[in-house]
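Colleague: Structure file query21.tsv (TSV, C-alpha atoms and all ligand atoms) right here:
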```tsv
chain	number	residue	atom	x	y	z
A	13	LEU	CA	-13.74	-17.16	-18.18
A	14	THR	CA	-12.43	-13.60	-18.21
A	15	PRO	CA	-15.25	-11.17	-17.48
A	16	VAL	CA	-15.18	-8.03	-19.65
A	17	ASP	CA	-14.94	-5.82	-16.63
A	18	GLN	CA	-11.90	-7.54	-15.16
A	19	ILE	CA	-8.56	-5.70	-15.43
A	20	ILE	CA	-5.22	-7.46	-15.13
A	21	GLU	CA	-1.95	-5.61	-14.56
A	22	ASN	CA	1.42	-7.32	-14.69
A	23	VAL	CA	4.39	-6.67	-12.46
A	24	GLN	CA	7.46	-7.67	-14.46
A	25	LEU	CA	10.29	-8.87	-12.25
A	26	ASN	CA	11.88	-11.80	-14.12
A	27	ASP	CA	11.10	-15.02	-12.25
A	28	ARG	CA	9.31	-13.01	-9.57
A	29	SER	CA	6.75	-11.56	-12.01
A	30	TYR	CA	3.09	-11.65	-11.04
A	31	GLU	CA	-0.42	-10.56	-11.91
A	32	ILE	CA	-2.70	-8.09	-10.19
A	33	VAL	CA	-6.28	-9.09	-10.94
A	34	ILE	CA	-8.92	-6.40	-10.38
A	35	ASN	CA	-12.61	-7.41	-10.24
A	36	THR	CA	-15.94	-6.49	-8.78
A	37	GLN	CA	-18.00	-9.27	-7.19
A	38	GLN	CA	-16.16	-12.01	-9.00
A	39	GLU	CA	-14.94	-13.86	-5.95
A	40	SER	CA	-15.92	-17.23	-7.43
A	41	LEU	CA	-13.05	-16.82	-9.93
A	42	PHE	CA	-10.41	-16.72	-7.19
A	43	HIS	CA	-9.62	-20.43	-7.34
A	44	HIS	CA	-9.28	-20.35	-11.12
A	45	HIS	CA	-6.73	-17.52	-10.97
A	46	LEU	CA	-4.82	-19.13	-8.14
A	47	GLN	CA	-4.50	-22.28	-10.26
A	48	MET	CA	-3.27	-20.20	-13.18
A	49	TRP	CA	-0.60	-18.58	-11.03
A	50	LEU	CA	0.50	-22.00	-9.79
A	51	SER	CA	0.53	-23.53	-13.26
A	52	SER	CA	3.60	-21.49	-14.15
A	53	LYS	CA	5.39	-22.75	-11.01
A	54	PRO	CA	5.78	-26.52	-11.34
A	55	HIS	CA	7.72	-26.72	-8.09
A	56	LEU	CA	4.65	-25.53	-6.19
A	57	GLN	CA	2.16	-28.00	-7.63
A	58	LEU	CA	0.62	-30.64	-5.43
A	59	ARG	CA	-2.20	-33.12	-5.82
A	60	GLN	CA	-3.53	-32.06	-2.43
A	61	PRO	CA	-2.61	-28.35	-2.25
A	62	LYS	CA	-2.54	-26.46	1.05
A	63	ALA	CA	-3.27	-22.85	1.86
A	64	PHE	CA	-2.91	-20.98	5.12
A	65	PHE	CA	-5.08	-17.85	5.38
A	66	ILE	CA	-4.19	-14.91	7.62
A	67	GLY	CA	-6.66	-12.12	8.33
A	68	ASP	CA	-7.87	-9.86	11.11
A	69	GLU	CA	-11.19	-9.61	12.97
A	70	ASN	CA	-12.63	-7.25	10.36
A	71	THR	CA	-11.65	-9.28	7.30
A	72	LYS	CA	-12.75	-12.62	8.71
A	73	PRO	CA	-15.93	-12.84	6.56
A	74	ILE	CA	-13.89	-12.36	3.35
A	75	LEU	CA	-11.29	-14.84	4.55
A	76	LYS	CA	-13.94	-17.44	5.43
A	77	SER	CA	-15.56	-17.20	2.04
A	78	LEU	CA	-12.25	-17.57	0.14
A	79	ALA	CA	-11.18	-20.45	2.39
A	80	ALA	CA	-14.51	-22.24	1.84
A	81	GLN	CA	-14.06	-21.90	-1.93
A	82	LEU	CA	-10.63	-23.59	-1.79
A	83	ALA	CA	-11.89	-26.26	0.62
A	84	ASN	CA	-14.63	-27.05	-1.93
A	85	GLN	CA	-11.90	-27.58	-4.49
A	86	HIS	CA	-10.23	-30.10	-2.18
A	87	TRP	CA	-7.57	-27.84	-0.79
A	88	THR	CA	-6.45	-28.34	2.79
A	89	VAL	CA	-6.96	-24.96	4.43
A	90	GLY	CA	-5.89	-23.42	7.72
A	91	GLU	CA	-6.39	-19.94	9.12
A	92	ALA	CA	-5.19	-17.50	11.74
A	93	ILE	CA	-6.93	-14.30	12.80
A	94	VAL	CA	-4.89	-11.53	14.40
A	95	PRO	CA	-6.31	-8.51	16.24
A	96	ALA	CA	-7.07	-5.54	13.95
A	97	GLY	CA	-4.65	-2.64	14.11
A	98	GLU	CA	-1.03	-1.58	13.74
A	99	ALA	CA	-0.05	-3.25	17.05
A	100	SER	CA	-0.32	-6.63	15.31
A	101	LYS	CA	2.80	-5.89	13.25
A	102	SER	CA	4.79	-7.25	16.20
A	103	LEU	CA	7.26	-10.01	17.04
A	104	ASP	CA	4.60	-11.50	19.31
A	105	GLN	CA	2.03	-11.90	16.54
A	106	LEU	CA	4.71	-13.10	14.14
A	107	SER	CA	5.82	-15.74	16.58
A	108	GLY	CA	2.19	-16.85	17.03
A	109	LEU	CA	1.90	-17.25	13.26
A	110	TYR	CA	5.05	-19.40	13.14
A	111	ASP	CA	3.48	-21.66	15.80
A	112	ARG	CA	0.32	-21.97	13.74
A	113	LEU	CA	2.27	-22.72	10.56
A	114	VAL	CA	4.21	-25.45	12.36
A	115	ALA	CA	0.97	-26.95	13.71
A	116	PHE	CA	-0.49	-26.83	10.17
A	117	GLU	CA	2.60	-28.69	8.93
A	118	ALA	CA	3.20	-26.00	6.35
A	119	ASP	CA	5.94	-26.91	3.91
A	120	ARG	CA	7.58	-24.96	1.10
A	121	ARG	CA	4.56	-25.53	-1.13
A	122	THR	CA	1.96	-24.23	1.31
A	123	ILE	CA	0.51	-20.95	0.01
A	124	VAL	CA	0.16	-18.21	2.62
A	125	ILE	CA	-2.80	-15.99	1.76
A	126	ALA	CA	-3.02	-12.55	3.38
A	127	VAL	CA	-6.57	-11.19	3.55
A	128	GLY	CA	-6.67	-7.69	4.93
A	129	GLY	CA	-5.24	-4.21	4.98
A	130	GLY	CA	-1.60	-3.25	5.04
A	131	VAL	CA	-1.16	-4.55	8.57
A	132	VAL	CA	-2.17	-8.10	7.67
A	133	GLY	CA	-0.32	-7.92	4.33
A	134	ASP	CA	2.92	-6.74	5.91
A	135	LEU	CA	2.74	-9.21	8.84
A	136	ALA	CA	1.60	-12.26	6.86
A	137	GLY	CA	4.03	-11.35	4.07
A	138	TYR	CA	6.91	-11.28	6.49
A	139	ALA	CA	5.83	-14.58	8.05
A	140	ALA	CA	5.81	-15.97	4.49
A	141	ALA	CA	9.18	-14.41	3.66
A	142	SER	CA	10.89	-15.92	6.67
A	143	PHE	CA	9.15	-19.22	7.49
A	144	ASN	CA	10.97	-22.13	5.81
A	145	ARG	CA	13.20	-19.46	4.18
A	146	GLY	CA	10.28	-18.34	2.10
A	147	GLN	CA	6.72	-19.52	1.49
A	148	PRO	CA	4.78	-18.63	-1.63
A	149	PHE	CA	2.17	-16.04	-0.77
A	150	VAL	CA	-0.83	-14.27	-2.20
A	151	GLN	CA	-2.14	-10.84	-1.32
A	152	VAL	CA	-5.86	-10.20	-1.02
A	153	PRO	CA	-5.94	-6.52	-0.03
A	154	THR	CA	-9.19	-5.35	1.55
A	155	THR	CA	-8.50	-1.67	2.26
A	156	LEU	CA	-8.02	0.88	-0.50
A	157	LEU	CA	-4.56	1.69	0.86
A	158	ALA	CA	-3.47	-1.93	0.74
A	159	THR	CA	-5.01	-2.32	-2.73
A	160	VAL	CA	-3.17	0.59	-4.35
A	161	ASP	CA	-0.01	0.56	-2.28
A	162	SER	CA	1.13	-2.05	0.23
A	163	SER	CA	0.04	-5.20	-1.64
A	164	VAL	CA	2.17	-4.31	-4.67
A	165	GLY	CA	5.94	-4.18	-4.54
A	166	GLY	CA	6.99	-6.91	-2.16
A	167	LYS	CA	7.89	-4.88	0.92
A	168	VAL	CA	6.82	-6.85	3.98
A	169	GLY	CA	7.68	-6.45	7.62
A	170	ILE	CA	6.81	-5.72	11.22
A	171	ASN	CA	7.53	-2.90	13.66
A	172	HIS	CA	10.18	-2.71	16.35
A	173	PRO	CA	8.88	-1.06	19.54
A	174	ARG	CA	11.20	1.87	18.77
A	175	ALA	CA	10.59	2.21	15.03
A	176	LYS	CA	8.00	1.35	12.39
A	177	ASN	CA	8.79	-1.22	9.68
A	178	LEU	CA	12.29	-1.77	11.04
A	179	ILE	CA	12.25	-5.55	10.58
A	180	GLY	CA	11.36	-6.79	7.14
A	181	ALA	CA	12.19	-8.21	3.74
A	182	PHE	CA	11.46	-7.94	0.06
A	183	HIS	CA	9.20	-10.86	-0.80
A	184	GLN	CA	7.06	-10.63	-3.93
A	185	PRO	CA	3.65	-12.32	-3.94
A	186	LEU	CA	2.57	-15.00	-6.45
A	187	GLY	CA	-0.34	-12.78	-7.32
A	188	VAL	CA	-2.63	-10.05	-6.00
A	189	TRP	CA	-6.39	-10.58	-5.94
A	190	ILE	CA	-8.49	-7.43	-5.76
A	191	ASP	CA	-12.27	-7.20	-5.57
A	192	THR	CA	-13.77	-3.73	-5.14
A	193	ALA	CA	-16.74	-5.36	-3.38
A	194	TYR	CA	-14.43	-5.86	-0.39
A	195	PHE	CA	-14.73	-2.13	0.22
A	196	ASN	CA	-18.44	-2.48	0.96
A	197	SER	CA	-17.67	-2.91	4.65
A	198	LEU	CA	-14.75	-0.44	4.71
A	199	PRO	CA	-15.43	2.69	6.81
A	200	ASP	CA	-15.43	5.96	4.81
A	201	ARG	CA	-12.49	7.33	6.74
A	202	GLU	CA	-10.34	4.33	5.77
A	203	PHE	CA	-11.47	4.62	2.16
A	204	PHE	CA	-10.57	8.31	1.93
A	205	SER	CA	-7.24	7.67	3.64
A	206	GLY	CA	-6.37	5.37	0.73
A	207	MET	CA	-7.30	8.13	-1.72
A	208	ALA	CA	-4.32	10.17	-0.52
A	209	GLU	CA	-1.94	7.57	-2.01
A	210	VAL	CA	-3.98	7.53	-5.23
A	211	VAL	CA	-3.69	11.32	-5.56
A	212	LYS	CA	0.02	10.95	-4.79
A	213	TYR	CA	0.55	8.78	-7.89
A	214	GLY	CA	-0.96	11.51	-10.05
A	215	VAL	CA	1.27	14.19	-8.58
A	216	ILE	CA	4.51	12.21	-8.78
A	217	MET	CA	4.08	10.41	-12.10
A	218	ASP	CA	1.00	11.09	-14.14
A	219	ALA	CA	-0.64	14.49	-14.68
A	220	ASN	CA	-3.29	12.94	-16.91
A	221	PHE	CA	-4.30	10.54	-14.12
A	222	PHE	CA	-4.50	13.52	-11.74
A	223	HIS	CA	-6.84	15.19	-14.20
A	224	GLU	CA	-8.99	12.04	-14.41
A	225	LEU	CA	-9.28	12.00	-10.62
A	226	GLU	CA	-10.47	15.63	-10.71
A	227	ARG	CA	-13.01	14.66	-13.36
A	228	ASP	CA	-14.18	11.51	-11.51
A	229	VAL	CA	-14.41	12.84	-7.94
A	230	HIS	CA	-18.13	12.21	-7.59
A	231	ALA	CA	-18.06	8.74	-9.10
A	232	ILE	CA	-15.16	7.80	-6.83
A	233	ASN	CA	-16.95	9.12	-3.76
A	234	ARG	CA	-20.01	7.08	-4.76
A	235	ARG	CA	-17.58	4.16	-5.06
A	236	ASP	CA	-18.71	3.47	-8.62
A	237	PRO	CA	-17.19	0.03	-9.34
A	238	ALA	CA	-16.06	0.67	-12.93
A	239	VAL	CA	-14.41	3.94	-12.01
A	240	LEU	CA	-12.75	2.32	-8.97
A	241	ARG	CA	-11.39	-0.56	-11.07
A	242	HIS	CA	-9.83	1.85	-13.52
A	243	MET	CA	-8.43	4.03	-10.75
A	244	ILE	CA	-7.00	1.02	-8.90
A	245	ALA	CA	-5.51	-0.45	-12.08
A	246	GLN	CA	-3.77	2.82	-12.94
A	247	SER	CA	-2.46	3.23	-9.36
A	248	CYS	CA	-1.10	-0.33	-9.32
A	249	ARG	CA	0.36	0.18	-12.82
A	250	LEU	CA	2.22	3.31	-11.70
A	251	LYS	CA	3.53	1.65	-8.53
A	252	ALA	CA	4.56	-1.43	-10.53
A	253	ASP	CA	6.45	0.78	-13.00
A	254	VAL	CA	8.53	2.18	-10.16
A	255	VAL	CA	9.06	-1.21	-8.49
A	256	GLN	CA	10.11	-2.81	-11.79
A	257	GLN	CA	12.89	-0.26	-12.14
A	258	ASP	CA	14.02	-0.23	-8.52
A	259	GLU	CA	12.82	-3.40	-6.81
A	260	TYR	CA	15.24	-3.18	-3.87
A	261	GLU	CA	15.21	0.59	-3.41
A	262	ARG	CA	18.77	1.01	-4.63
A	263	THR	CA	18.67	3.50	-7.50
A	264	GLY	CA	16.69	6.11	-5.61
A	265	LEU	CA	13.74	5.90	-8.02
A	266	ARG	CA	11.52	4.06	-5.54
A	267	ALA	CA	12.02	7.01	-3.17
A	268	ILE	CA	9.61	9.13	-5.27
A	269	LEU	CA	6.82	7.08	-3.68
A	270	ASN	CA	7.71	8.89	-0.48
A	271	TYR	CA	6.31	12.21	-1.71
A	272	GLY	CA	4.68	13.88	1.32
A	273	HIS	CA	5.92	11.09	3.57
A	274	THR	CA	8.83	12.88	5.28
A	275	PHE	CA	6.29	15.29	6.74
A	276	ALA	CA	3.70	12.53	7.23
A	277	HIS	CA	6.00	10.23	9.19
A	278	ALA	CA	6.87	13.08	11.56
A	279	TYR	CA	3.20	14.00	12.07
A	280	GLU	CA	2.25	10.36	12.70
A	281	ALA	CA	5.07	9.80	15.18
A	282	LEU	CA	4.37	13.05	17.07
A	283	VAL	CA	0.58	12.96	17.34
A	284	GLY	CA	0.66	9.25	18.14
A	285	TYR	CA	-0.19	6.53	15.65
A	286	GLY	CA	-3.92	6.20	15.22
A	287	THR	CA	-4.84	9.86	15.81
A	288	LEU	CA	-4.20	10.59	12.15
A	289	LEU	CA	-4.63	7.76	9.67
A	290	HIS	CA	-1.61	7.26	7.42
A	291	GLY	CA	-3.31	8.69	4.33
A	292	GLU	CA	-4.51	11.70	6.30
A	293	ALA	CA	-0.94	12.42	7.39
A	294	VAL	CA	0.23	11.93	3.78
A	295	SER	CA	-2.42	14.35	2.54
A	296	ILE	CA	-1.22	17.10	4.91
A	297	GLY	CA	2.38	16.15	4.11
A	298	MET	CA	1.89	16.47	0.34
A	299	VAL	CA	0.48	19.96	0.74
A	300	ALA	CA	3.44	20.92	2.95
A	301	ALA	CA	5.94	19.44	0.46
A	302	SER	CA	4.24	21.30	-2.38
A	303	GLN	CA	4.41	24.56	-0.42
A	304	LEU	CA	8.09	23.88	0.17
A	305	ALA	CA	8.55	23.43	-3.59
A	306	GLU	CA	6.90	26.82	-4.08
A	307	LYS	CA	9.37	28.43	-1.66
A	308	LEU	CA	12.20	26.90	-3.67
A	309	GLN	CA	10.62	28.36	-6.80
A	310	ARG	CA	10.23	24.93	-8.33
A	311	ILE	CA	6.49	25.29	-8.95
A	312	THR	CA	3.83	27.98	-9.06
A	313	PRO	CA	1.06	28.14	-6.41
A	314	ASP	CA	-1.55	26.65	-8.74
A	315	VAL	CA	0.14	23.22	-8.49
A	316	THR	CA	-0.41	23.25	-4.72
A	317	LEU	CA	-3.91	24.63	-5.10
A	318	ARG	CA	-5.02	21.79	-7.39
A	319	GLN	CA	-3.74	19.23	-4.90
A	320	LYS	CA	-5.47	20.95	-1.99
A	321	ASN	CA	-8.77	21.10	-3.88
A	322	LEU	CA	-8.65	17.47	-4.93
A	323	LEU	CA	-7.59	16.17	-1.50
A	324	ALA	CA	-10.32	18.22	0.18
A	325	GLN	CA	-12.92	16.75	-2.19
A	326	PHE	CA	-11.88	13.33	-0.91
A	327	ASN	CA	-12.57	14.55	2.63
A	328	LEU	CA	-8.88	14.59	3.43
A	329	PRO	CA	-7.29	17.14	5.78
A	330	ILE	CA	-4.91	19.59	4.08
A	331	GLU	CA	-3.48	21.03	7.29
A	332	LEU	CA	-2.91	19.67	10.78
A	333	PRO	CA	-6.24	19.60	12.66
A	334	ALA	CA	-6.60	21.98	15.59
A	335	ASN	CA	-6.39	19.13	18.12
A	336	CYS	CA	-2.94	18.06	16.92
A	337	LYS	CA	-0.96	21.26	16.61
A	338	LEU	CA	2.76	20.55	16.65
A	339	ASP	CA	5.66	22.94	16.89
A	340	ALA	CA	8.07	23.26	14.00
A	341	ASP	CA	11.11	22.34	16.09
A	342	SER	CA	9.84	18.91	17.09
A	343	ILE	CA	8.72	18.18	13.53
A	344	ILE	CA	12.14	19.10	12.13
A	345	ARG	CA	13.93	17.09	14.83
A	346	CYS	CA	11.76	14.11	13.97
A	347	MET	CA	12.46	14.49	10.23
A	348	LYS	CA	16.18	14.44	10.88
A	349	LEU	CA	15.76	11.10	12.69
A	350	ASP	CA	13.80	9.57	9.79
A	351	LYS	CA	15.61	6.42	8.63
A	352	LYS	CA	15.60	7.79	5.08
A	353	THR	CA	17.52	10.90	6.16
A	354	VAL	CA	21.23	10.89	5.46
A	355	GLY	CA	23.39	12.48	8.17
A	356	GLY	CA	20.71	14.85	9.48
A	357	GLU	CA	20.39	16.47	6.04
A	358	LEU	CA	16.86	17.56	5.10
A	359	ARG	CA	15.99	16.09	1.72
A	360	PHE	CA	12.55	15.96	0.16
A	361	ILE	CA	10.73	14.59	-2.83
A	362	LEU	CA	9.33	17.73	-4.46
A	363	PRO	CA	7.30	18.44	-7.58
A	364	THR	CA	8.82	20.28	-10.53
A	365	ARG	CA	5.41	20.24	-12.20
A	366	LEU	CA	2.22	18.22	-11.82
A	367	GLY	CA	3.14	14.62	-12.72
A	368	TYR	CA	6.85	14.90	-12.04
A	369	VAL	CA	8.93	14.97	-8.85
A	370	GLU	CA	12.62	14.97	-7.99
A	371	THR	CA	14.69	14.30	-4.89
A	372	VAL	CA	15.93	17.62	-3.56
A	373	PRO	CA	18.87	17.35	-1.15
A	374	SER	CA	20.05	19.95	1.38
A	375	VAL	CA	16.83	21.91	1.68
A	376	PRO	CA	17.48	24.95	3.92
A	377	GLU	CA	15.95	24.38	7.33
A	378	HIS	CA	14.50	27.90	7.56
A	379	LEU	CA	12.30	27.23	4.51
A	380	VAL	CA	10.92	24.05	6.07
A	381	ARG	CA	10.26	26.07	9.23
A	382	GLU	CA	8.43	28.75	7.21
A	383	VAL	CA	6.14	26.13	5.70
A	384	LEU	CA	5.44	24.56	9.10
A	385	ASN	CA	4.74	27.93	10.74
A	386	ALA	CA	2.53	29.24	7.93
B	1	LIG	N1	4.47	-2.83	2.42
B	1	LIG	C1	4.29	-1.65	1.90
B	1	LIG	O1	4.81	-1.33	0.82
B	1	LIG	C2	3.41	-0.68	2.60
B	1	LIG	C3	2.99	0.49	1.95
B	1	LIG	C4	2.11	1.33	2.62
B	1	LIG	C5	1.67	1.02	3.89
B	1	LIG	N2	2.10	-0.13	4.50
B	1	LIG	C6	1.63	-0.49	5.84
B	1	LIG	O2	0.24	-0.68	5.78
B	1	LIG	C7	-0.32	-0.48	7.07
B	1	LIG	C8	-1.58	0.33	6.94
B	1	LIG	O3	-2.49	-0.38	6.12
B	1	LIG	P1	-4.05	-0.09	6.18
B	1	LIG	O4	-4.29	1.36	6.10
B	1	LIG	O5	-4.70	-0.99	5.21
B	1	LIG	O6	-4.40	-0.45	7.69
B	1	LIG	P2	-5.03	-1.75	8.39
B	1	LIG	O7	-4.55	-2.98	7.82
B	1	LIG	O8	-4.85	-1.53	9.85
B	1	LIG	O9	-6.59	-1.59	8.05
B	1	LIG	C9	-7.31	-0.49	8.55
B	1	LIG	C10	-8.56	-0.96	9.32
B	1	LIG	O10	-9.53	-1.43	8.38
B	1	LIG	C11	-9.97	-2.73	8.77
B	1	LIG	N3	-10.37	-3.41	7.53
B	1	LIG	C12	-9.56	-3.91	6.57
B	1	LIG	N4	-10.28	-4.32	5.52
B	1	LIG	C13	-11.57	-4.10	5.83
B	1	LIG	C14	-12.80	-4.29	5.14
B	1	LIG	N5	-12.82	-4.75	3.88
B	1	LIG	N6	-13.94	-3.96	5.76
B	1	LIG	C15	-13.91	-3.43	7.02
B	1	LIG	N7	-12.79	-3.18	7.71
B	1	LIG	C16	-11.64	-3.52	7.11
B	1	LIG	C17	-8.81	-3.32	9.48
B	1	LIG	O11	-9.21	-4.37	10.31
B	1	LIG	C18	-8.28	-2.11	10.26
B	1	LIG	O12	-9.08	-1.94	11.42
B	1	LIG	C19	0.77	0.19	7.89
B	1	LIG	O13	1.29	-0.73	8.80
B	1	LIG	C20	1.82	0.56	6.86
B	1	LIG	O14	3.14	0.52	7.40
B	1	LIG	C21	2.95	-0.96	3.87
B	2	ZN	ZN	2.16	5.85	2.34
```
Kindly transcribe the structure held in the file into structure tokens.

Modeller:
Amino acid sequence: LTPVDQIIENVQLNDRSYEIVINTQQESLFHHHLQMWLSSKPHLQLRQPKAFFIGDENTKPILKSLAAQLANQHWTVGEAIVPAGEASKSLDQLSGLYDRLVAFEADRRTIVIAVGGGVVGDLAGYAAASFNRGQPFVQVPTTLLATVDSSVGGKVGINHPRAKNLIGAFHQPLGVWIDTAYFNSLPDREFFSGMAEVVKYGVIMDANFFHELERDVHAINRRDPAVLRHMIAQSCRLKADVVQQDEYERTGLRAILNYGHTFAHAYEALVGYGTLLHGEAVSIGMVAASQLAEKLQRITPDVTLRQKNLLAQFNLPIELPANCKLDADSIIRCMKLDKKTVGGELRFILPTRLGYVETVPSVPEHLVREVLNA
């Protein structure tokens, strides 16, 4: 039953271990894999299994087709569709989902299935983490960003009106189902935004992967399925390696995933969410972080140059666009308020070479200012 072009990665977390299955146009195998995941969890097995699907307006066709497949296999299925966009990561939408789960008579064996980008994954995942003190859940990521980043690692949550991702939990999925065909309807800008996180993995952990991305630029931009499967598998593998060593973000290792993000979070907050997509802000932020590393004499300019070239080939911005110029003072103020900042100290994840980064505490403010003013 395993097609030759299917790739499976494993996330090893003791009794919370799971598979990431990466396919192209193999949706008919979804039920088979779901059954496999359940077969190792006797406490979840039911003669008449139930699944509750959560998606948004744009992922509804994918959701409908997966739900129909399970219904054909005699599952009882329910669904909820939330509005597309970051605003759905709210208490209001969460509360609506609880109402729907109650009406569906969801019990501890009902599988919650998130079909969508990071917004749906985070929201549905948090509903699953909290309803009944924890429902089993499955991630079906449909954006590139969700595929290579948010669907792996178990971080789920919603926003507080004053701060992003402030309310949440760690809740690992039963499995992650990826089909590159889901990107067929994904707008180019969303696709490229996801590429920023892919490039990030190369810079922080894997110089060889970075080199492969340079080599495969054209195939990736054509969305060649075989190249995408390999690229997604390696991205998920690298994220899983970090998560396996620091599941709850305690040792500091998981923080390396925040390369470029201290800058990015400030840009996003200041220009208003939605003006810059997350990956676009990360792209600009990685270049800024790399320039900061140059100023600290940690790297030579060629390391920054390679990142700029690669990001630009994926149509990503490498500096703030003219219509969102920000002054250095407000960016620095915003960075000091970042929830990952300790006592107003400026600390950054910075490269020491391509493929390796370190946390650098107490970075002098005037150097950050120089980078921002350059
Ligand atoms: N949990 C984590 O570890 C983690 C990591 C990174 C990001 N995130 C979160 O992820 C969110 C961003 O995720 P995102 O970039 O996927 O945004 P998103 O979920 O808003 O999706 C972007 C847009 O694409 C649409 N879309 C999704 N799949 C589609 C498809 N196949 N075809 C057509 N349109 C489609 C969506 O409806 C939306 O309009 C943020 O809230 C961020 O905080 C979480
Ligand atoms: Zn990110």

Colleague: Give me the residues within 10 Å of Trp49 (chain A) as a VMD selection string, counting only C-alpha atoms and dropping any in the same chain fewer than 4 places off.

Modeller: chain A and resid 30 to 31 43 to 45 53 56 150 186 to 187

Colleague: Which residue is closest to ligand ZN 2 (chain B)? Choose from A:Thr88, A:Thr274, A:Ser77, A:Gln47 and count all atoms listed in the file.

Modeller: A:Thr274

Colleague: What gap, in Å, lies between CA of Ser142 (chain A) and CA of Tyr110 (chain A)?

Modeller: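 Distance reported for this atom pair: 9.4 Å.
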
Colleague: Can you tell me how far CA of Gln18 (chain A) sits from CA of Arg234 (chain A), in Å to one decimal?

Modeller: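 Going from CA of Gln18 (chain A) over to CA of Arg234 (chain A), I get 19.7 Å.
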
Colleague: For the contact check between chain A and ligand ZN 2 (chain B), emit one row per residue of chain A within 7 Å, containing the shortest atom pair and the distance in Å rounded to one decimal, counting all atoms listed in the file, chain then rising number order, as JSON lines.

Modeller:
```
{"residue": "A:Glu209", "atom": "CA", "partner": "B:ZN2", "partner_atom": "ZN", "distance": 6.2}
{"residue": "A:Asn270", "atom": "CA", "partner": "B:ZN2", "partner_atom": "ZN", "distance": 6.9}
{"residue": "A:His273", "atom": "CA", "partner": "B:ZN2", "partner_atom": "ZN", "distance": 6.6}
{"residue": "A:His290", "atom": "CA", "partner": "B:ZN2", "partner_atom": "ZN", "distance": 6.5}
{"residue": "A:Gly291", "atom": "CA", "partner": "B:ZN2", "partner_atom": "ZN", "distance": 6.5}
{"residue": "A:Val294", "atom": "CA", "partner": "B:ZN2", "partner_atom": "ZN", "distance": 6.5}
```

Colleague: Find the residues near ligand LIG 1 (chain B). Use a cut-off of 6 Å, count all atoms listed in the file, and write them as a list in words.

Modeller: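 Listed by chain and ascending number, the contacts are Asp68, Asn70, Thr71, Ala96, Gly97, Glu98, Gly128, Gly129, Gly130, Val131, Val132, Asp134, Thr154, Thr155, Leu157, Ala158, Asp161, Ser162, Lys167, Val168, Tyr194, Phe195, Ser197 and Leu198 of chain A.
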
Colleague: Take the residues that were just selected and, keeping C-alpha atoms, output them as an mmCIF file, keeping the file's coordinate frame.

Modeller:
```
data_model
loop_
_atom_site.group_PDB
_atom_site.id
_atom_site.type_symbol
_atom_site.label_atom_id
_atom_site.label_comp_id
_atom_site.auth_asym_id
_atom_site.auth_seq_id
_atom_site.Cartn_x
_atom_site.Cartn_y
_atom_site.Cartn_z
ATOM 1 C CA ASP A 68 -7.870 -9.860 11.110
ATOM 2 C CA ASN A 70 -12.630 -7.250 10.360
ATOM 3 C CA THR A 71 -11.650 -9.280 7.300
ATOM 4 C CA ALA A 96 -7.070 -5.540 13.950
ATOM 5 C CA GLY A 97 -4.650 -2.640 14.110
ATOM 6 C CA GLU A 98 -1.030 -1.580 13.740
ATOM 7 C CA GLY A 128 -6.670 -7.690 4.930
ATOM 8 C CA GLY A 129 -5.240 -4.210 4.980
ATOM 9 C CA GLY A 130 -1.600 -3.250 5.040
ATOM 10 C CA VAL A 131 -1.160 -4.550 8.570
ATOM 11 C CA VAL A 132 -2.170 -8.100 7.670
ATOM 12 C CA ASP A 134 2.920 -6.740 5.910
ATOM 13 C CA THR A 154 -9.190 -5.350 1.550
ATOM 14 C CA THR A 155 -8.500 -1.670 2.260
ATOM 15 C CA LEU A 157 -4.560 1.690 0.860
ATOM 16 C CA ALA A 158 -3.470 -1.930 0.740
ATOM 17 C CA ASP A 161 -0.010 0.560 -2.280
ATOM 18 C CA SER A 162 1.130 -2.050 0.230
ATOM 19 C CA LYS A 167 7.890 -4.880 0.920
ATOM 20 C CA VAL A 168 6.820 -6.850 3.980
ATOM 21 C CA TYR A 194 -14.430 -5.860 -0.390
ATOM 22 C CA PHE A 195 -14.730 -2.130 0.220
ATOM 23 C CA SER A 197 -17.670 -2.910 4.650
ATOM 24 C CA LEU A 198 -14.750 -0.440 4.710
#
```

Colleague: What does the distance between CA of Ala80 (chain A) and CA of Lys101 (chain A) come to in Å, to one decimal place?

Modeller: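 Going from CA of Ala80 (chain A) over to CA of Lys101 (chain A), I get 26.4 Å.
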
Colleague: Taking (-5.4, -20.8, 1.5) as a centre in this file's frame and 12 Å as the limit, can you find every polymer residue with an atom that close, using all atoms listed in the file, and give them as a ChimeraX atom specification?

Modeller: /A:42-43,46-47,61-67,75-92,116,118,121-127,148-152

Colleague: Can you pull out the residues contacting region 310-327 of chain A? Cut-off 6 Å, using all atoms listed in the file, and skip same-chain residues under 5 positions away; I want them as a list in words.

Modeller: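 Answer for this query is Phe204, Ser302, Ala305 and Thr364 of chain A.
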
Colleague: For a quick check of understanding, using only C-alpha atoms, which of A:Ile34, A:Leu58, A:Ile361, A:Ala141 has the smallest distance to Leu304 (chain A)?

Modeller: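 The answer is A:Ile361, which sits nearest to Leu304 (chain A).
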
Colleague: Set the distance at 12 Å and use only C-alpha atoms: which residues neighbour region 331-337 of chain A once local chain neighbours fewer than 2 positions away are removed? I'd like the list as a PyMOL selection string.

Modeller: chain A and resi 275-276+278-285+287-288+292-301+303+320+323-324+328-329+339-340+342-343+383-386

Colleague: Considering all atoms listed in the file, state which residue in the set A:Leu41, A:Val375, A:Ile19, A:Val94 is at the smallest distance from Arg112 (chain A).

Modeller: A:Val94
